[in-house]
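Q: Okay, so here is model-v4.cif, and as you'll see once you scroll down, it has mmCIF, C-alpha atoms and all ligand atoms.
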```
data_data
loop_
_atom_site.label_atom_id
_atom_site.label_comp_id
_atom_site.auth_asym_id
_atom_site.auth_seq_id
_atom_site.Cartn_x
_atom_site.Cartn_y
_atom_site.Cartn_z
CA MET Y 234 53.69 -90.70 -122.20
CA SER Y 235 53.55 -86.91 -122.04
CA ASP Y 236 53.83 -84.87 -125.22
CA LEU Y 237 57.33 -84.18 -126.52
CA ARG Y 238 58.07 -80.47 -126.41
CA PHE Y 239 59.76 -78.85 -129.38
CA ALA Y 240 60.75 -75.49 -130.80
CA ILE Y 241 60.69 -74.47 -134.44
CA PHE Y 242 63.68 -72.54 -135.78
CA GLY Y 243 62.71 -70.47 -138.81
CA THR Y 244 59.24 -69.14 -139.57
CA GLY Y 245 59.35 -68.69 -143.36
CA PHE Y 246 57.09 -70.18 -146.06
CA TRP Y 247 57.35 -73.88 -145.03
CA SER Y 248 57.05 -73.56 -141.26
CA ARG Y 249 53.30 -72.96 -141.17
CA PHE Y 250 52.73 -76.19 -143.09
CA GLN Y 251 55.19 -78.08 -140.91
CA LEU Y 252 53.45 -76.72 -137.81
CA ALA Y 253 50.01 -77.63 -139.17
CA GLY Y 254 51.40 -81.09 -140.04
CA TRP Y 255 52.53 -81.58 -136.43
CA ARG Y 256 49.04 -80.63 -135.28
CA GLU Y 257 47.63 -83.66 -137.11
CA LEU Y 258 49.60 -85.92 -134.74
CA GLN Y 259 49.27 -86.78 -131.07
CA GLY Y 260 52.39 -86.67 -128.93
CA ALA Y 261 54.30 -83.51 -129.81
CA GLU Y 262 53.70 -79.90 -128.86
CA CYS Y 263 55.38 -76.83 -130.32
CA VAL Y 264 56.19 -74.58 -127.36
CA ALA Y 265 58.45 -71.92 -128.89
CA LEU Y 266 59.41 -70.26 -132.16
CA TYR Y 267 62.66 -68.62 -133.23
CA ASN Y 268 63.13 -66.34 -136.21
CA ARG Y 269 65.79 -63.75 -137.06
CA THR Y 270 63.01 -61.26 -137.80
CA LYS Y 271 60.94 -61.54 -134.64
CA SER Y 272 57.77 -60.03 -136.12
CA LYS Y 273 57.43 -63.01 -138.47
CA ALA Y 274 57.68 -65.45 -135.56
CA GLU Y 275 55.16 -63.38 -133.60
CA ALA Y 276 52.69 -63.51 -136.48
CA LEU Y 277 52.98 -67.29 -136.77
CA GLY Y 278 52.86 -67.64 -132.97
CA ARG Y 279 49.62 -65.66 -132.83
CA GLU Y 280 48.06 -67.71 -135.60
CA PHE Y 281 48.99 -71.08 -134.06
CA GLY Y 282 48.81 -70.13 -130.39
CA VAL Y 283 52.53 -70.52 -129.66
CA PRO Y 284 53.23 -67.78 -127.10
CA ALA Y 285 57.01 -68.07 -126.64
CA VAL Y 286 58.75 -66.25 -129.49
CA TYR Y 287 62.46 -65.39 -129.77
CA ASP Y 288 64.91 -63.71 -132.13
CA ASP Y 289 67.89 -65.21 -130.28
CA PRO Y 290 68.19 -69.00 -130.62
CA GLU Y 291 70.51 -69.37 -127.59
CA GLU Y 292 68.06 -67.48 -125.41
CA LEU Y 293 65.27 -69.80 -126.56
CA LEU Y 294 67.36 -72.84 -125.71
CA ASP Y 295 68.32 -71.36 -122.31
CA LYS Y 296 64.75 -70.61 -121.33
CA GLU Y 297 62.63 -73.41 -122.79
CA ARG Y 298 62.41 -77.03 -121.67
CA LEU Y 299 62.59 -79.02 -124.91
CA ASP Y 300 62.87 -82.57 -126.22
CA PHE Y 301 63.82 -81.64 -129.79
CA VAL Y 302 64.16 -78.80 -132.27
CA ASP Y 303 62.65 -78.65 -135.75
CA ILE Y 304 64.95 -76.62 -138.00
CA ILE Y 305 63.19 -74.97 -140.95
CA THR Y 306 65.76 -72.32 -141.84
CA ASP Y 307 67.89 -71.76 -144.96
CA VAL Y 308 70.29 -74.57 -145.77
CA ASP Y 309 73.36 -72.47 -144.90
CA THR Y 310 72.27 -72.23 -141.25
CA HIS Y 311 71.37 -75.92 -140.72
CA ALA Y 312 74.79 -76.93 -139.37
CA ARG Y 313 74.87 -74.06 -136.86
CA PHE Y 314 71.47 -74.93 -135.41
CA VAL Y 315 72.07 -78.68 -135.42
CA ARG Y 316 75.33 -78.11 -133.50
CA MET Y 317 73.51 -75.83 -131.04
CA ALA Y 318 70.94 -78.56 -130.39
CA ALA Y 319 73.61 -81.27 -130.04
CA GLU Y 320 75.53 -79.18 -127.50
CA ARG Y 321 72.40 -79.18 -125.36
CA ASP Y 322 71.67 -82.89 -125.78
CA LEU Y 323 68.63 -82.19 -127.92
CA ALA Y 324 67.52 -84.26 -130.88
CA ALA Y 325 67.21 -82.27 -134.11
CA ILE Y 326 65.02 -82.52 -137.16
CA CYS Y 327 66.37 -80.61 -140.10
CA GLN Y 328 64.61 -79.76 -143.35
CA LYS Y 329 66.01 -81.00 -146.61
CA PRO Y 330 68.45 -80.28 -148.16
CA MET Y 331 70.50 -81.42 -145.19
CA ALA Y 332 73.54 -79.23 -145.96
CA PRO Y 333 75.08 -76.98 -148.62
CA ASP Y 334 77.86 -79.55 -149.28
CA LEU Y 335 78.78 -83.09 -148.33
CA GLU Y 336 81.50 -82.05 -145.86
CA THR Y 337 79.02 -79.98 -143.86
CA ALA Y 338 76.51 -82.85 -143.89
CA LEU Y 339 79.21 -85.16 -142.51
CA GLU Y 340 80.11 -82.62 -139.81
CA MET Y 341 76.45 -82.33 -138.74
CA HIS Y 342 76.17 -86.09 -138.55
CA LYS Y 343 79.42 -86.34 -136.55
CA ALA Y 344 78.39 -83.61 -134.10
CA CYS Y 345 75.18 -85.52 -133.30
CA GLU Y 346 76.95 -88.89 -133.10
CA GLU Y 347 79.50 -87.48 -130.67
CA ALA Y 348 76.82 -85.87 -128.53
CA GLY Y 349 74.76 -89.06 -128.65
CA VAL Y 350 71.66 -87.29 -129.95
CA PRO Y 351 69.58 -88.34 -132.93
CA LEU Y 352 69.50 -86.31 -136.12
CA TYR Y 353 66.59 -86.66 -138.54
CA ILE Y 354 66.08 -85.06 -141.92
CA HIS Y 355 62.60 -83.98 -142.93
CA GLU Y 356 62.79 -85.65 -146.34
CA ASN Y 357 59.16 -86.04 -147.27
CA PHE Y 358 58.90 -87.08 -150.95
CA ARG Y 359 59.25 -90.78 -150.12
CA TRP Y 360 56.15 -90.36 -147.92
CA GLN Y 361 53.90 -89.37 -150.82
CA THR Y 362 50.96 -91.79 -151.18
CA PRO Y 363 51.62 -92.70 -154.85
CA LEU Y 364 55.36 -93.18 -154.29
CA ARG Y 365 54.70 -95.49 -151.30
CA THR Y 366 52.32 -97.42 -153.55
CA LEU Y 367 55.01 -97.82 -156.22
CA LYS Y 368 57.30 -99.27 -153.56
CA GLN Y 369 54.60 -101.79 -152.58
CA VAL Y 370 54.14 -102.85 -156.21
CA LEU Y 371 57.89 -103.46 -156.46
CA GLU Y 372 58.00 -105.37 -153.17
CA GLN Y 373 55.11 -107.57 -154.25
CA GLY Y 374 57.24 -108.65 -157.21
CA ARG Y 375 54.42 -107.89 -159.64
CA ILE Y 376 56.75 -106.57 -162.34
CA GLY Y 377 59.75 -108.78 -161.48
CA ASP Y 378 63.31 -107.51 -161.25
CA VAL Y 379 63.61 -103.90 -162.32
CA PHE Y 380 66.06 -103.25 -165.15
CA ARG Y 381 65.28 -99.58 -165.84
CA ALA Y 382 63.30 -96.70 -164.38
CA ARG Y 383 62.64 -93.05 -164.98
CA LEU Y 384 61.58 -90.54 -162.34
CA SER Y 385 60.43 -87.17 -163.67
CA PHE Y 386 59.76 -83.89 -161.90
CA ASN Y 387 59.38 -81.42 -164.75
CA SER Y 388 57.25 -78.30 -164.92
CA SER Y 389 57.20 -74.55 -165.50
CA PHE Y 390 55.85 -73.87 -161.99
CA PRO Y 391 56.94 -70.39 -160.75
CA VAL Y 392 58.58 -71.80 -157.64
CA PHE Y 393 60.46 -68.52 -157.04
CA GLU Y 394 57.27 -66.62 -156.22
CA ASN Y 395 56.88 -68.33 -152.83
CA GLN Y 396 60.57 -69.03 -152.25
CA PRO Y 397 62.44 -66.05 -153.78
CA PHE Y 398 65.77 -67.06 -152.21
CA LEU Y 399 65.86 -70.02 -154.61
CA LYS Y 400 66.68 -67.53 -157.39
CA GLU Y 401 69.86 -66.51 -155.64
CA ILE Y 402 71.47 -69.87 -154.92
CA ASP Y 403 74.36 -71.04 -157.11
CA LYS Y 404 73.26 -74.64 -156.87
CA PHE Y 405 69.52 -74.89 -157.32
CA MET Y 406 67.79 -77.82 -159.00
CA LEU Y 407 69.89 -80.70 -157.72
CA VAL Y 408 69.99 -79.30 -154.19
CA ASP Y 409 66.35 -78.28 -153.88
CA VAL Y 410 64.60 -80.93 -155.97
CA GLY Y 411 67.41 -83.44 -156.55
CA SER Y 412 67.62 -84.05 -152.82
CA HIS Y 413 64.00 -85.27 -153.06
CA ILE Y 414 64.16 -87.16 -156.35
CA LEU Y 415 67.52 -88.83 -155.72
CA ASP Y 416 66.25 -89.84 -152.27
CA THR Y 417 63.15 -91.29 -153.94
CA ALA Y 418 65.42 -93.27 -156.29
CA ARG Y 419 67.25 -94.72 -153.26
CA PHE Y 420 63.94 -95.44 -151.51
CA LEU Y 421 62.57 -97.34 -154.51
CA PHE Y 422 65.64 -99.00 -155.96
CA GLY Y 423 68.34 -99.13 -153.26
CA GLU Y 424 71.84 -97.69 -153.41
CA ALA Y 425 73.67 -96.46 -156.48
CA GLU Y 426 77.10 -97.57 -157.67
CA ASN Y 427 77.86 -94.61 -159.90
CA LEU Y 428 76.21 -91.76 -161.77
CA TYR Y 429 76.48 -89.34 -164.67
CA CYS Y 430 74.84 -85.92 -164.60
CA HIS Y 431 74.13 -83.06 -167.01
CA THR Y 432 72.85 -79.69 -165.81
CA ARG Y 433 71.64 -76.56 -167.54
CA ARG Y 434 70.32 -73.10 -166.72
CA VAL Y 435 67.44 -72.06 -168.99
CA ASN Y 436 65.89 -69.22 -166.96
CA PRO Y 437 68.29 -66.24 -167.30
CA GLU Y 438 66.94 -64.63 -164.12
CA ILE Y 439 68.29 -67.23 -161.72
CA LYS Y 440 71.82 -68.05 -160.61
CA GLY Y 441 71.75 -71.83 -160.42
CA GLU Y 442 70.75 -74.63 -162.79
CA ASP Y 443 67.04 -75.21 -163.42
CA VAL Y 444 67.41 -78.43 -165.41
CA ALA Y 445 69.24 -81.56 -164.27
CA THR Y 446 69.36 -85.11 -165.56
CA VAL Y 447 71.07 -87.81 -163.53
CA MET Y 448 71.64 -91.36 -164.72
CA LEU Y 449 72.24 -93.74 -161.83
CA ALA Y 450 73.69 -97.23 -162.14
CA MET Y 451 72.16 -99.04 -159.17
CA ARG Y 452 73.82 -101.88 -157.31
CA SER Y 453 70.84 -104.04 -158.26
CA GLY Y 454 71.86 -103.67 -161.90
CA ALA Y 455 68.99 -101.31 -162.75
CA THR Y 456 69.54 -98.03 -164.58
CA VAL Y 457 67.56 -95.14 -163.11
CA VAL Y 458 67.20 -91.81 -164.90
CA CYS Y 459 66.11 -88.85 -162.77
CA GLU Y 460 64.83 -85.85 -164.74
CA MET Y 461 64.21 -82.55 -162.99
CA SER Y 462 63.28 -79.19 -164.44
CA TYR Y 463 61.48 -75.94 -163.77
CA ALA Y 464 61.94 -74.94 -167.40
CA THR Y 465 59.58 -77.47 -168.95
CA ARG Y 466 56.27 -76.32 -170.37
CA SER Y 467 54.31 -79.36 -171.43
CA GLU Y 468 50.79 -80.62 -171.89
CA PHE Y 469 51.16 -83.01 -168.99
CA GLU Y 470 52.91 -80.83 -166.41
CA ARG Y 471 51.24 -80.94 -163.01
CA PHE Y 472 53.51 -79.50 -160.35
CA PRO Y 473 54.31 -80.94 -157.80
CA GLU Y 474 53.64 -84.46 -159.03
CA THR Y 475 56.48 -86.88 -159.67
CA TYR Y 476 55.94 -89.22 -162.60
CA ALA Y 477 57.58 -92.61 -162.95
CA LEU Y 478 57.97 -95.40 -165.43
CA ILE Y 479 59.53 -98.56 -163.99
CA GLU Y 480 60.34 -101.47 -166.26
CA GLY Y 481 60.78 -104.96 -164.85
CA GLU Y 482 61.33 -108.44 -166.26
CA LYS Y 483 57.63 -109.31 -165.86
CA GLY Y 484 55.99 -105.98 -166.62
CA SER Y 485 55.99 -102.29 -165.88
CA VAL Y 486 54.45 -99.79 -163.53
CA ALA Y 487 53.75 -96.18 -164.42
CA LEU Y 488 52.77 -93.26 -162.21
CA SER Y 489 51.24 -90.47 -164.25
CA GLN Y 490 49.10 -87.34 -163.95
CA ASP Y 491 46.63 -87.08 -161.12
CA TYR Y 492 48.19 -89.97 -159.18
CA TRP Y 493 47.15 -92.77 -161.53
CA ILE Y 494 49.21 -95.92 -161.21
CA ARG Y 495 49.08 -98.47 -164.03
CA VAL Y 496 50.59 -101.91 -163.61
CA THR Y 497 51.03 -103.76 -166.89
CA THR Y 498 51.88 -107.47 -167.03
CA GLU Y 499 51.02 -110.20 -169.51
CA GLU Y 500 47.61 -110.34 -167.84
CA GLY Y 501 46.84 -106.78 -168.93
CA THR Y 502 46.85 -103.33 -167.39
CA PHE Y 503 45.41 -102.58 -163.95
CA ALA Y 504 44.87 -98.90 -163.19
CA LYS Y 505 43.99 -97.20 -159.94
CA ARG Y 506 44.28 -93.68 -158.54
CA TYR Y 507 46.28 -93.18 -155.32
CA ALA Y 508 45.60 -89.59 -154.34
CA PRO Y 509 47.19 -88.08 -151.23
CA ALA Y 510 45.19 -87.13 -148.14
CA ARG Y 511 43.69 -83.63 -148.29
CA TYR Y 512 44.24 -81.30 -145.33
CA PRO Y 513 42.39 -78.00 -144.98
CA TRP Y 514 45.63 -76.20 -144.11
CA ALA Y 515 47.53 -77.41 -147.17
CA ASP Y 516 48.14 -75.03 -150.06
CA ALA Y 517 46.23 -76.54 -153.00
CA GLU Y 518 49.13 -75.75 -155.34
CA TYR Y 519 51.50 -77.89 -153.27
CA ASP Y 520 49.01 -80.59 -152.40
CA VAL Y 521 50.90 -83.90 -152.45
CA LEU Y 522 53.97 -82.21 -150.95
CA HIS Y 523 52.11 -80.79 -147.99
CA ALA Y 524 50.19 -84.02 -147.40
CA SER Y 525 53.49 -85.94 -147.13
CA ILE Y 526 54.62 -83.78 -144.19
CA VAL Y 527 52.26 -85.67 -141.88
CA PRO Y 528 53.53 -89.27 -142.37
CA CYS Y 529 57.13 -88.02 -142.48
CA ASN Y 530 56.69 -86.31 -139.10
CA ALA Y 531 54.81 -89.34 -137.74
CA ASN Y 532 57.69 -91.64 -138.65
CA ILE Y 533 60.23 -89.34 -136.94
CA LEU Y 534 57.99 -88.87 -133.91
CA GLN Y 535 57.74 -92.64 -133.39
CA ALA Y 536 61.52 -92.83 -133.33
CA LEU Y 537 61.74 -89.89 -130.90
CA GLN Y 538 59.29 -91.75 -128.66
CA GLY Y 539 61.64 -94.74 -128.67
CA GLU Y 540 59.58 -96.91 -131.00
CA GLY Y 541 61.96 -98.07 -133.69
CA GLU Y 542 64.14 -96.15 -136.11
CA ALA Y 543 63.00 -93.45 -138.53
CA GLU Y 544 63.56 -93.85 -142.28
CA THR Y 545 65.03 -90.43 -142.84
CA THR Y 546 67.88 -90.27 -140.36
CA GLY Y 547 70.91 -88.03 -140.78
CA SER Y 548 73.09 -91.01 -141.67
CA ASP Y 549 70.61 -92.21 -144.28
CA ASN Y 550 70.40 -88.75 -145.80
CA LEU Y 551 74.19 -88.54 -146.12
CA LYS Y 552 73.82 -91.04 -148.95
CA THR Y 553 71.28 -88.81 -150.68
CA MET Y 554 73.57 -85.80 -150.15
CA GLU Y 555 76.40 -87.75 -151.75
CA LEU Y 556 74.25 -88.33 -154.85
CA VAL Y 557 73.35 -84.62 -154.98
CA TYR Y 558 76.90 -83.29 -154.69
CA GLY Y 559 78.35 -86.19 -156.69
CA SER Y 560 75.99 -85.11 -159.48
CA TYR Y 561 77.53 -81.62 -159.47
CA GLU Y 562 80.99 -83.17 -159.64
CA SER Y 563 79.95 -85.33 -162.56
CA ALA Y 564 78.36 -82.39 -164.41
CA ALA Y 565 81.43 -80.19 -163.87
CA SER Y 566 83.97 -82.84 -164.83
CA ARG Y 567 81.78 -84.40 -167.53
CA SER Y 568 82.68 -87.77 -166.15
CA ARG Y 569 81.37 -90.61 -164.02
CA TYR Y 570 81.06 -90.15 -160.27
CA ASP Y 571 81.67 -93.34 -158.24
CA VAL Y 572 79.50 -93.50 -155.15
CA LEU Y 573 81.11 -94.13 -151.75
CA ALA Y 574 77.84 -94.36 -149.75
CA ASP Y 575 78.89 -97.24 -147.46
CA ALA Y 576 81.89 -95.36 -146.18
CA LEU Y 577 79.58 -92.56 -145.03
CA ALA Y 578 77.10 -94.65 -143.04
CA THR Y 579 77.52 -95.55 -139.38
CA PRO Y 580 76.50 -98.84 -137.78
CA ALA Y 581 74.15 -97.08 -135.40
CA GLY Y 582 72.14 -95.91 -138.41
CA ARG Y 583 71.65 -92.54 -136.85
O1 LIG Y 601 59.52 -79.37 -151.33
C1 LIG Y 601 60.45 -78.62 -151.61
O2 LIG Y 601 61.54 -78.87 -151.23
C2 LIG Y 601 60.26 -77.40 -152.44
C3 LIG Y 601 59.97 -77.63 -153.91
C4 LIG Y 601 59.97 -79.09 -154.36
C5 LIG Y 601 58.68 -76.98 -154.19
O3 LIG Y 601 60.96 -77.02 -154.67
O4 LIG Y 601 61.32 -76.54 -152.30
#
```
Represent the structure contained in this file as structure tokens.
Ligand code: 89V
A:
Amino acid sequence: MSDLRFAIFGTGFWSRFQLAGWRELQGAECVALYNRTKSKAEALGREFGVPAVYDDPEELLDKERLDFVDIITDVDTHARFVRMAAERDLAAICQKPMAPDLETALEMHKACEEAGVPLYIHENFRWQTPLRTLKQVLEQGRIGDVFRARLSFNSSFPVFENQPFLKEIDKFMLVDVGSHILDTARFLFGEAENLYCHTRRVNPEIKGEDVATVMLAMRSGATVVCEMSYATRSEFERFPETYALIEGEKGSVALSQDYWIRVTTEEGTFAKRYAPARYPWADAEYDVLHASIVPCNANILQALQGEGEAETTGSDNLKTMELVYGSYESAASRSRYDVLADALATPAGR
């Protein structure tokens, strides 16, 4: 099979890592770049040897022969570019967060369904080595049925230095980090029935919330608390690691600093470190995040090559988006949000 040809839309902070992540895989070639400010696309094109560079997305789509587009632009432009791809029968991969609200996410999904093209979301947290290991521990039944879990992503990391636009968005923590952590909750524990959420802004220099706590009642009967913050200075903070404590009827499993997983049952505690792969192109400060780009892309690429379905489809991500925006509703109304999830999914699973 010849390589699938794709274009990247958006050449900001994340695109170089996404592009380097693609280079780790066989079977896909980036042939063109689009960016509103052409000089940025030219710089990335020079560095990665991608000669075709555009500041007009329609012109790129007119001139290039493509199999899919990889959209790495601001969330507000996702729908426009996904629609553009769908109109030309092209599959689209879109960075998380899928959309700035649930209605837009549904529209994006519908546009791709109607055009008969696949939509994938680059949701990479669930591809982190330690989080995949937690899933295996749960599937092996080592701790029995889960009754409670806590997922924590708390630090004082200056995330705004590399991504200054995050300061300006009205909805910050739940959209930017919640889309990852709530997706991880779904990945590990299945779908939620309802949720309660509290949010708070601690940093006076940003517009949105920088602290969010979501309590999910899962269909399985488990209670899952998701804690997220960029306002937490603590002895154990190690951005960008996610910590977990999962309690089951036969024991518990904890994921703590430096990727250590400890499984405790009546036989004792078994501890092992599950560090992510290290890539020379990854930014050391973002390590586990950048490493997870590779398996996430690999899973989507397999689907694009016709070998099975990807995990992070548009229709799957609608359920994560519902948890994100349902959390805002809960926080604003100070009441429970009942999850609809099933009504959003389509049988095709796209
Ligand atoms: O991976 C991301 O989505 C980033 C971060 C978690 C660093 O906020 O925006």
Q: Please identify all protein, DNA and RNA residues within 9 Å of ligand LIG 601 (chain Y), counting all atoms listed in the file, and report them as a PyMOL selection string.
A: chain Y and resi 247+328-330+356-358+386+390+392-393+395-396+399+406+408-413+472-473+519+522-523
Q: Skip Gly374 of chain Y itself and residues of its chain fewer than 5 positions away, then list as a PyMOL selection string all residues within 12 Å of it, counting all atoms listed in the file.
A: chain Y and resi 367-369+379+480-486+496+498
Q: Rank nothing, just name the residue among Y:Leu352, Y:Ala253, Y:Val435, Y:Ala261 nearest to Asp322 of chain Y, using only C-alpha atoms.
A: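 Nearest candidate to Asp322 of chain Y out of Y:Leu352, Y:Ala253, Y:Val435, Y:Ala261: Y:Leu352.
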Q: Counting all atoms listed in the file, which residue out of Y:Val283, Y:Ile402, Y:Ile241, Y:Ile439 sits closest to Phe314 of chain Y?
A: Y:Ile241
Q: Of the candidates Y:Thr362, Y:Ser548, Y:Gln373, Y:Thr553, which shows the shortest atom-to-atom distance to Arg419 of chain Y, using all atoms listed in the file?
A: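 Looking only at the distances to Arg419 of chain Y, the closest residue turns out to be Y:Thr553.
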Q: I'd like to know which of Y:Asp289, Y:Thr244, Y:Thr465, Y:Asp520 is closest to Lys273 of chain Y, using only C-alpha atoms.
A: Y:Thr244
Q: If we count all atoms listed in the file and set the cut-off at 8 Å, which residues sit around segment 336-344 of chain Y, ignoring sequence neighbours fewer than 6 positions away in its own chain? Please answer as a PyMOL selection string.
A: chain Y and resi 312+315-316+319+352+547-548+551+554+577
Q: Excluding Ser560 of chain Y and its own-chain neighbours fewer than 3 positions away, which residues fall within 12 Å of it when counting all atoms listed in the file? Please give them as a PyMOL selection string.
A: chain Y and resi 334-335+404+406-408+411-412+415+425+427-432+445-449+459+553-557+563-572
Q: Choose the residue, out of Y:Asn530, Y:Ala285, Y:Phe239, Y:Arg249, that has the smallest atom-to-atom separation from Cys263 of chain Y; count all atoms listed in the file.
A: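 Of all the options, Y:Phe239 lies closest to Cys263 of chain Y.
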Q: With all atoms listed in the file as the basis for distance, which of Y:Arg375, Y:Leu537, Y:Gly559, Y:Trp514 is at the shortest distance from Arg495 of chain Y?
A: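 Under the stated criterion, the closest residue is Y:Arg375.
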Q: What's the 10 Å shell around Arg434 of chain Y, counting only C-alpha atoms, without same-chain residues fewer than 5 positions away, as a list in words?
A: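 Everything that qualifies: Phe405, Met406, Ile439, Lys440, Gly441, Glu442, Asp443, Val444, Ala445, Ser462, Tyr463 and Ala464 of chain Y.
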Q: Atom CA of His355 of chain Y to atom CA of Thr545 of chain Y: how many Å, to one decimal?
A: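 That distance, rounded to one decimal, is 6.9 Å.
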Q: Around all the atoms of segment 434-444 of chain Y listed in the file, with 8 Å of room on each side, what axis-aligned box do you get, giving centre and edge lengths in Å to one decimal, as lines of an AutoDock Vina configuration file?
A:
```
center_x = 68.9
center_y = -71.5
center_z = -164.7
size_x = 21.9
size_y = 29.8
size_z = 24.6
```
Q: One decimal, in Å: what's the spacing between atom CA of Leu252 of chain Y and atom CA of Cys529 of chain Y?
A: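 Those two atoms sit 12.8 Å apart.
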Q: Which residues, written as a CSV table (one decimal) with C-alpha atoms, keeping the file's coordinate frame, have at least one atom at most 10 Å from Leu258 of chain Y, with only C-alpha atoms counted and residues fewer than 2 positions away on the same chain left out?
A:
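Okay, around36.csv is ready:
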```csv
chain,number,residue,atom,x,y,z
Y,253,ALA,CA,50.0,-77.6,-139.2
Y,254,GLY,CA,51.4,-81.1,-140.0
Y,255,TRP,CA,52.5,-81.6,-136.4
Y,256,ARG,CA,49.0,-80.6,-135.3
Y,260,GLY,CA,52.4,-86.7,-128.9
Y,261,ALA,CA,54.3,-83.5,-129.8
Y,262,GLU,CA,53.7,-79.9,-128.9
Y,527,VAL,CA,52.3,-85.7,-141.9
Y,528,PRO,CA,53.5,-89.3,-142.4
Y,530,ASN,CA,56.7,-86.3,-139.1
Y,531,ALA,CA,54.8,-89.3,-137.7
Y,534,LEU,CA,58.0,-88.9,-133.9
```
Q: Any idea what the distance is between atom CA of Ala265 of chain Y and atom CA of His311 of chain Y?
A: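 The value is 18.0 Å.
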